[in-house]
Amino acid sequence: MTDQTTTARLIDGKAIAAQVVEEVREAVAQRNAQGLPLPGLAVVCVGDDPASAVYVRNKRRTTESTGMKSFSYDLPADCPEKTLLALIDELNANAEVHGILVQLPLPAQINAERVIERIDPKKDVDGFHPYNIGRLVLKMPTLRPCTPYGCMRLLRETGEDLVGKHAVIVGQSNIVGRPMALELLMARCTITVCHSKTYDLPKLIGQADIVVAGIGKPRFVEGGWLKSGAIVLDVGINRLADGKLCGDVDFETASRRASWITPVPGGVGPMTIATLLANTLEAARWQETTHQE
Ligand code: GUN
């Protein structure tokens, strides 16, 4: 017996992502009917990291399910950087390719920053290019990083007013933590970004109305750290020894404290892929308006 009761409502990322994918599918069909080209997404994977292989397979499959064109490139783990850069140059020049995604992490011999900077910002559907990140910093967003942008949609689906809420982000990565902070700031939250050197993380988490965990440590955030009624977005996808997936938040205890929580799997993960497809559509539109200028 505990003195706590289960209160959290689930943020159903799987269902919300399915809705976004459906919106993209309808937009693609409408473009097709108007004689506009099908948006094309090129997904590049270097090496054979098993987690990356799963993500890339899901991205390619979902792309095809919307009627978009999917271009796949699998390069060996010992691929030289110049080969990857040459492929990006080719994809930048290919009018059928509207979005380019290079799955991270990359093998050690490849400089990821150089690779990201080589992608045409208008085809940067990950939103990682310094141009697109800079636009987000300045509240003039163009293509926006998929996981944080998807998280914002999940937050909006709760119907809660975000203005003035204190959001604590655990993790400072370029993929999640940093752009998440920019998104939440743009939504007029007060933000605290925590990382491995942060003093007294449980105390800061205890002050949060919104917690976003993206650190890659299974069940790291304990329910007992949370303020009662907090909204919890769990970005972690960790595989346990028994093969099961779990997040960076201890779902069991956290769901007894939070008001809203994303499950793992079925929370942020599907939303990231759905947002990638929405970004590819956006990229195609951006490239078309630029051509008409
Ligand atoms: N690796 C983990 N997440 C991502 C992502 O959102 N985009 C890319 N390109 N690689 C990743």
# chains A, B, ... in the order shown; residues from 1 in each chain; ligands from 1
>>> residues_near_ligand(ligand="ligand 1", cutoff="8 Å", atoms="only C-alpha atoms and all ligand atoms", output="PDB file with N, CA, C and O atoms, in the first residue's frame")
ATOM      1  N   SER A  52      20.223   2.729 -34.655  1.00  0.00           N
ATOM      2  CA  SER A  52      20.041   3.597 -35.835  1.00  0.00           C
ATOM      3  C   SER A  52      19.299   2.846 -36.936  1.00  0.00           C
ATOM      4  O   SER A  52      18.437   3.413 -37.615  1.00  0.00           O
ATOM      5  N   LEU A 101      18.215  13.620 -44.533  1.00  0.00           N
ATOM      6  CA  LEU A 101      18.474  13.294 -43.132  1.00  0.00           C
ATOM      7  C   LEU A 101      19.664  12.340 -43.062  1.00  0.00           C
ATOM      8  O   LEU A 101      19.643  11.297 -43.706  1.00  0.00           O
ATOM      9  N   VAL A 102      20.680  12.743 -42.321  1.00  0.00           N
ATOM     10  CA  VAL A 102      21.822  11.858 -42.074  1.00  0.00           C
ATOM     11  C   VAL A 102      21.683  11.389 -40.629  1.00  0.00           C
ATOM     12  O   VAL A 102      21.728  12.196 -39.693  1.00  0.00           O
ATOM     13  N   GLN A 103      21.467  10.090 -40.462  1.00  0.00           N
ATOM     14  CA  GLN A 103      21.225   9.556 -39.125  1.00  0.00           C
ATOM     15  C   GLN A 103      22.480   9.713 -38.259  1.00  0.00           C
ATOM     16  O   GLN A 103      23.596   9.417 -38.681  1.00  0.00           O
ATOM     17  N   LEU A 104      22.308  10.205 -37.043  1.00  0.00           N
ATOM     18  CA  LEU A 104      23.395  10.369 -36.076  1.00  0.00           C
ATOM     19  C   LEU A 104      23.264   9.286 -34.998  1.00  0.00           C
ATOM     20  O   LEU A 104      22.155   8.815 -34.766  1.00  0.00           O
ATOM     21  N   PRO A 105      24.296   8.879 -34.326  1.00  0.00           N
ATOM     22  CA  PRO A 105      25.672   9.362 -34.452  1.00  0.00           C
ATOM     23  C   PRO A 105      26.366   8.805 -35.686  1.00  0.00           C
ATOM     24  O   PRO A 105      25.951   7.778 -36.232  1.00  0.00           O
ATOM     25  N   ASP A 126      16.049  17.849 -40.507  1.00  0.00           N
ATOM     26  CA  ASP A 126      16.363  17.657 -39.086  1.00  0.00           C
ATOM     27  C   ASP A 126      16.393  18.997 -38.344  1.00  0.00           C
ATOM     28  O   ASP A 126      16.365  19.025 -37.114  1.00  0.00           O
ATOM     29  N   PRO A 145      14.060  21.318 -35.362  1.00  0.00           N
ATOM     30  CA  PRO A 145      14.422  19.954 -34.954  1.00  0.00           C
ATOM     31  C   PRO A 145      13.188  19.125 -34.562  1.00  0.00           C
ATOM     32  O   PRO A 145      12.319  19.590 -33.811  1.00  0.00           O
ATOM     33  N   CYS A 146      13.143  17.904 -35.094  1.00  0.00           N
ATOM     34  CA  CYS A 146      11.912  17.106 -35.053  1.00  0.00           C
ATOM     35  C   CYS A 146      11.451  16.726 -33.648  1.00  0.00           C
ATOM     36  O   CYS A 146      10.252  16.799 -33.347  1.00  0.00           O
ATOM     37  N   THR A 147      12.380  16.280 -32.804  1.00  0.00           N
ATOM     38  CA  THR A 147      11.937  15.808 -31.479  1.00  0.00           C
ATOM     39  C   THR A 147      11.364  16.959 -30.649  1.00  0.00           C
ATOM     40  O   THR A 147      10.235  16.852 -30.149  1.00  0.00           O
ATOM     41  N   ILE A 175      20.427  17.752 -30.327  1.00  0.00           N
ATOM     42  CA  ILE A 175      19.241  17.131 -30.937  1.00  0.00           C
ATOM     43  C   ILE A 175      17.990  17.391 -30.099  1.00  0.00           C
ATOM     44  O   ILE A 175      16.914  17.636 -30.619  1.00  0.00           O
ATOM     45  N   THR A 272       8.402  12.065 -33.293  1.00  0.00           N
ATOM     46  CA  THR A 272       9.613  12.547 -33.973  1.00  0.00           C
ATOM     47  C   THR A 272       9.540  12.203 -35.460  1.00  0.00           C
ATOM     48  O   THR A 272       9.828  13.041 -36.323  1.00  0.00           O
TER      49      THR A 272
END
>>> select_by_dssp(residues="stretch 27-207 of chain A", states="strand (DSSP E or B)", output="PyMOL selection string")
chain A and resi 40-46+69-75+99-102+166-170+190-194
>>> atom_distance(atom1="atom CA of A:Ala283", atom2="atom CA of A:Leu154")
21.8 Å
>>> closest_residue(among="A:Val115, A:Ala181, A:Gly127, A:Ile273", to="A:Arg57", atoms="only C-alpha atoms")
A:Ile273
>>> select_by_dssp(residues="stretch 65-272 of chain A", states="alpha helix (DSSP H)", output="count of residues only")
65
>>> residues_around(residues="A:Val268", least_positions_apart="5", cutoff="9 Å", atoms="only C-alpha atoms", output="list in words")
Asp12, Gly13, Lys14, Ala17, Thr147, Gly150, Cys151, Leu154, Leu233, Asp234, Val235, Gly236, Thr262 and Pro263 of chain A
>>> closest_residue(among="A:Leu84, A:Ala42, A:Ala274, A:Leu240", to="A:Lys123", atoms="only C-alpha atoms")
A:Ala42
>>> residues_around(residues="stretch 258-261 of chain A", least_positions_apart="6", cutoff="6 Å", atoms="only C-alpha atoms", output="JSON, numbers by chain")
{"A": [8, 9, 10, 11, 228, 229, 230, 231, 232, 233]}
>>> closest_residue(among="A:Val212, A:Val125, A:Leu106, A:Val44", to="A:Ile88", atoms="only C-alpha atoms")
A:Val44
>>> closest_residue(among="A:Gly269, A:Gly247, A:Pro76, A:Pro121", to="A:Asp48", atoms="only C-alpha atoms")
A:Pro76
>>> residues_around(residues="stretch 169-172 of chain A", least_positions_apart="3", cutoff="10 Å", atoms="only C-alpha atoms", output="ChimeraX atom specification")
/A:166,175-181,184,191-196,198,201,204-205,208,210-216,221,233-235,248
>>> atom_distance(atom1="atom CA of A:Pro37", atom2="atom CA of A:Asn58")
23.2 Å
>>> decode(residues="stretch 65-80 of chain A", atoms="all heavy atoms", output="PDB file, in the first residue's frame")
ATOM      1  N   SER A  65       4.557   5.448 -46.529  1.00  0.00           N
ATOM      2  CA  SER A  65       3.124   5.332 -46.217  1.00  0.00           C
ATOM      3  C   SER A  65       2.363   6.630 -46.501  1.00  0.00           C
ATOM      4  O   SER A  65       1.143   6.628 -46.595  1.00  0.00           O
ATOM      5  CB  SER A  65       2.915   4.924 -44.759  1.00  0.00           C
ATOM      6  OG  SER A  65       3.024   6.051 -43.917  1.00  0.00           O
ATOM      7  N   THR A  66       3.073   7.750 -46.625  1.00  0.00           N
ATOM      8  CA  THR A  66       2.384   9.021 -46.909  1.00  0.00           C
ATOM      9  C   THR A  66       2.305   9.299 -48.405  1.00  0.00           C
ATOM     10  O   THR A  66       1.737  10.316 -48.809  1.00  0.00           O
ATOM     11  CB  THR A  66       3.129  10.217 -46.279  1.00  0.00           C
ATOM     12  OG1 THR A  66       4.433  10.286 -46.861  1.00  0.00           O
ATOM     13  CG2 THR A  66       3.228  10.101 -44.780  1.00  0.00           C
ATOM     14  N   GLY A  67       2.925   8.441 -49.208  1.00  0.00           N
ATOM     15  CA  GLY A  67       2.951   8.688 -50.652  1.00  0.00           C
ATOM     16  C   GLY A  67       4.134   9.528 -51.086  1.00  0.00           C
ATOM     17  O   GLY A  67       4.290   9.835 -52.269  1.00  0.00           O
ATOM     18  N   MET A  68       4.978   9.939 -50.130  1.00  0.00           N
ATOM     19  CA  MET A  68       6.195  10.687 -50.500  1.00  0.00           C
ATOM     20  C   MET A  68       7.202   9.723 -51.113  1.00  0.00           C
ATOM     21  O   MET A  68       7.133   8.514 -50.913  1.00  0.00           O
ATOM     22  CB  MET A  68       6.836  11.293 -49.250  1.00  0.00           C
ATOM     23  CG  MET A  68       6.097  12.454 -48.682  1.00  0.00           C
ATOM     24  SD  MET A  68       7.167  13.228 -47.466  1.00  0.00           S
ATOM     25  CE  MET A  68       6.007  14.204 -46.582  1.00  0.00           C
ATOM     26  N   LYS A  69       8.189  10.311 -51.807  1.00  0.00           N
ATOM     27  CA  LYS A  69       9.273   9.486 -52.340  1.00  0.00           C
ATOM     28  C   LYS A  69      10.320   9.288 -51.252  1.00  0.00           C
ATOM     29  O   LYS A  69      10.669  10.235 -50.548  1.00  0.00           O
ATOM     30  CB  LYS A  69       9.925  10.181 -53.536  1.00  0.00           C
ATOM     31  CG  LYS A  69       9.150  10.013 -54.804  1.00  0.00           C
ATOM     32  CD  LYS A  69      10.003  10.450 -55.988  1.00  0.00           C
ATOM     33  CE  LYS A  69       9.146  10.505 -57.234  1.00  0.00           C
ATOM     34  NZ  LYS A  69       9.742  11.318 -58.276  1.00  0.00           N
ATOM     35  N   SER A  70      10.806   8.065 -51.167  1.00  0.00           N
ATOM     36  CA  SER A  70      11.831   7.762 -50.156  1.00  0.00           C
ATOM     37  C   SER A  70      13.100   7.322 -50.874  1.00  0.00           C
ATOM     38  O   SER A  70      13.071   6.433 -51.722  1.00  0.00           O
ATOM     39  CB  SER A  70      11.287   6.650 -49.253  1.00  0.00           C
ATOM     40  OG  SER A  70      12.298   6.161 -48.421  1.00  0.00           O
ATOM     41  N   PHE A  71      14.199   7.976 -50.554  1.00  0.00           N
ATOM     42  CA  PHE A  71      15.506   7.618 -51.129  1.00  0.00           C
ATOM     43  C   PHE A  71      16.379   7.110 -49.986  1.00  0.00           C
ATOM     44  O   PHE A  71      16.498   7.791 -48.961  1.00  0.00           O
ATOM     45  CB  PHE A  71      16.168   8.846 -51.769  1.00  0.00           C
ATOM     46  CG  PHE A  71      15.357   9.474 -52.873  1.00  0.00           C
ATOM     47  CD1 PHE A  71      14.367  10.426 -52.591  1.00  0.00           C
ATOM     48  CD2 PHE A  71      15.577   9.120 -54.192  1.00  0.00           C
ATOM     49  CE1 PHE A  71      13.621  11.009 -53.600  1.00  0.00           C
ATOM     50  CE2 PHE A  71      14.830   9.699 -55.217  1.00  0.00           C
ATOM     51  CZ  PHE A  71      13.856  10.644 -54.929  1.00  0.00           C
ATOM     52  N   SER A  72      16.960   5.923 -50.168  1.00  0.00           N
ATOM     53  CA  SER A  72      17.738   5.312 -49.079  1.00  0.00           C
ATOM     54  C   SER A  72      19.190   5.146 -49.464  1.00  0.00           C
ATOM     55  O   SER A  72      19.489   4.680 -50.565  1.00  0.00           O
ATOM     56  CB  SER A  72      17.174   3.922 -48.759  1.00  0.00           C
ATOM     57  OG  SER A  72      15.851   4.037 -48.338  1.00  0.00           O
ATOM     58  N   TYR A  73      20.059   5.512 -48.554  1.00  0.00           N
ATOM     59  CA  TYR A  73      21.506   5.334 -48.767  1.00  0.00           C
ATOM     60  C   TYR A  73      22.102   4.710 -47.518  1.00  0.00           C
ATOM     61  O   TYR A  73      21.983   5.276 -46.424  1.00  0.00           O
ATOM     62  CB  TYR A  73      22.181   6.681 -49.069  1.00  0.00           C
ATOM     63  CG  TYR A  73      21.612   7.322 -50.313  1.00  0.00           C
ATOM     64  CD1 TYR A  73      20.477   8.131 -50.238  1.00  0.00           C
ATOM     65  CD2 TYR A  73      22.163   7.058 -51.561  1.00  0.00           C
ATOM     66  CE1 TYR A  73      19.911   8.677 -51.386  1.00  0.00           C
ATOM     67  CE2 TYR A  73      21.599   7.602 -52.717  1.00  0.00           C
ATOM     68  CZ  TYR A  73      20.487   8.406 -52.616  1.00  0.00           C
ATOM     69  OH  TYR A  73      19.920   8.945 -53.751  1.00  0.00           O
ATOM     70  N   ASP A  74      22.714   3.541 -47.680  1.00  0.00           N
ATOM     71  CA  ASP A  74      23.383   2.870 -46.563  1.00  0.00           C
ATOM     72  C   ASP A  74      24.863   2.770 -46.897  1.00  0.00           C
ATOM     73  O   ASP A  74      25.235   2.087 -47.856  1.00  0.00           O
ATOM     74  CB  ASP A  74      22.777   1.478 -46.338  1.00  0.00           C
ATOM     75  CG  ASP A  74      21.351   1.581 -45.835  1.00  0.00           C
ATOM     76  OD1 ASP A  74      21.153   2.122 -44.736  1.00  0.00           O
ATOM     77  OD2 ASP A  74      20.423   1.180 -46.571  1.00  0.00           O
ATOM     78  N   LEU A  75      25.668   3.462 -46.120  1.00  0.00           N
ATOM     79  CA  LEU A  75      27.104   3.484 -46.371  1.00  0.00           C
ATOM     80  C   LEU A  75      27.824   2.649 -45.310  1.00  0.00           C
ATOM     81  O   LEU A  75      27.353   2.559 -44.169  1.00  0.00           O
ATOM     82  CB  LEU A  75      27.620   4.931 -46.341  1.00  0.00           C
ATOM     83  CG  LEU A  75      26.915   5.905 -47.303  1.00  0.00           C
ATOM     84  CD1 LEU A  75      27.493   7.312 -47.152  1.00  0.00           C
ATOM     85  CD2 LEU A  75      27.060   5.447 -48.746  1.00  0.00           C
ATOM     86  N   PRO A  76      28.961   2.042 -45.668  1.00  0.00           N
ATOM     87  CA  PRO A  76      29.665   1.202 -44.689  1.00  0.00           C
ATOM     88  C   PRO A  76      30.268   2.020 -43.541  1.00  0.00           C
ATOM     89  O   PRO A  76      30.515   3.218 -43.695  1.00  0.00           O
ATOM     90  CB  PRO A  76      30.784   0.552 -45.529  1.00  0.00           C
ATOM     91  CG  PRO A  76      30.945   1.427 -46.727  1.00  0.00           C
ATOM     92  CD  PRO A  76      29.620   2.078 -46.981  1.00  0.00           C
ATOM     93  N   ALA A  77      30.514   1.357 -42.415  1.00  0.00           N
ATOM     94  CA  ALA A  77      31.020   2.025 -41.205  1.00  0.00           C
ATOM     95  C   ALA A  77      32.365   2.709 -41.444  1.00  0.00           C
ATOM     96  O   ALA A  77      32.686   3.697 -40.795  1.00  0.00           O
ATOM     97  CB  ALA A  77      31.136   1.009 -40.074  1.00  0.00           C
ATOM     98  N   ASP A  78      33.154   2.193 -42.402  1.00  0.00           N
ATOM     99  CA  ASP A  78      34.473   2.793 -42.657  1.00  0.00           C
ATOM    100  C   ASP A  78      34.433   3.803 -43.810  1.00  0.00           C
ATOM    101  O   ASP A  78      35.465   4.184 -44.344  1.00  0.00           O
ATOM    102  CB  ASP A  78      35.512   1.691 -42.933  1.00  0.00           C
ATOM    103  CG  ASP A  78      35.160   0.880 -44.182  1.00  0.00           C
ATOM    104  OD1 ASP A  78      34.084   1.123 -44.783  1.00  0.00           O
ATOM    105  OD2 ASP A  78      35.951  -0.002 -44.557  1.00  0.00           O
ATOM    106  N   CYS A  79      33.240   4.257 -44.143  1.00  0.00           N
ATOM    107  CA  CYS A  79      33.070   5.218 -45.237  1.00  0.00           C
ATOM    108  C   CYS A  79      33.864   6.510 -44.936  1.00  0.00           C
ATOM    109  O   CYS A  79      33.712   7.097 -43.871  1.00  0.00           O
ATOM    110  CB  CYS A  79      31.565   5.521 -45.352  1.00  0.00           C
ATOM    111  SG  CYS A  79      31.167   6.932 -46.338  1.00  0.00           S
ATOM    112  N   PRO A  80      34.708   6.965 -45.886  1.00  0.00           N
ATOM    113  CA  PRO A  80      35.432   8.215 -45.633  1.00  0.00           C
ATOM    114  C   PRO A  80      34.490   9.419 -45.637  1.00  0.00           C
ATOM    115  O   PRO A  80      33.459   9.401 -46.329  1.00  0.00           O
ATOM    116  CB  PRO A  80      36.421   8.308 -46.806  1.00  0.00           C
ATOM    117  CG  PRO A  80      36.293   7.060 -47.589  1.00  0.00           C
ATOM    118  CD  PRO A  80      35.034   6.365 -47.186  1.00  0.00           C
TER     119      PRO A  80
END
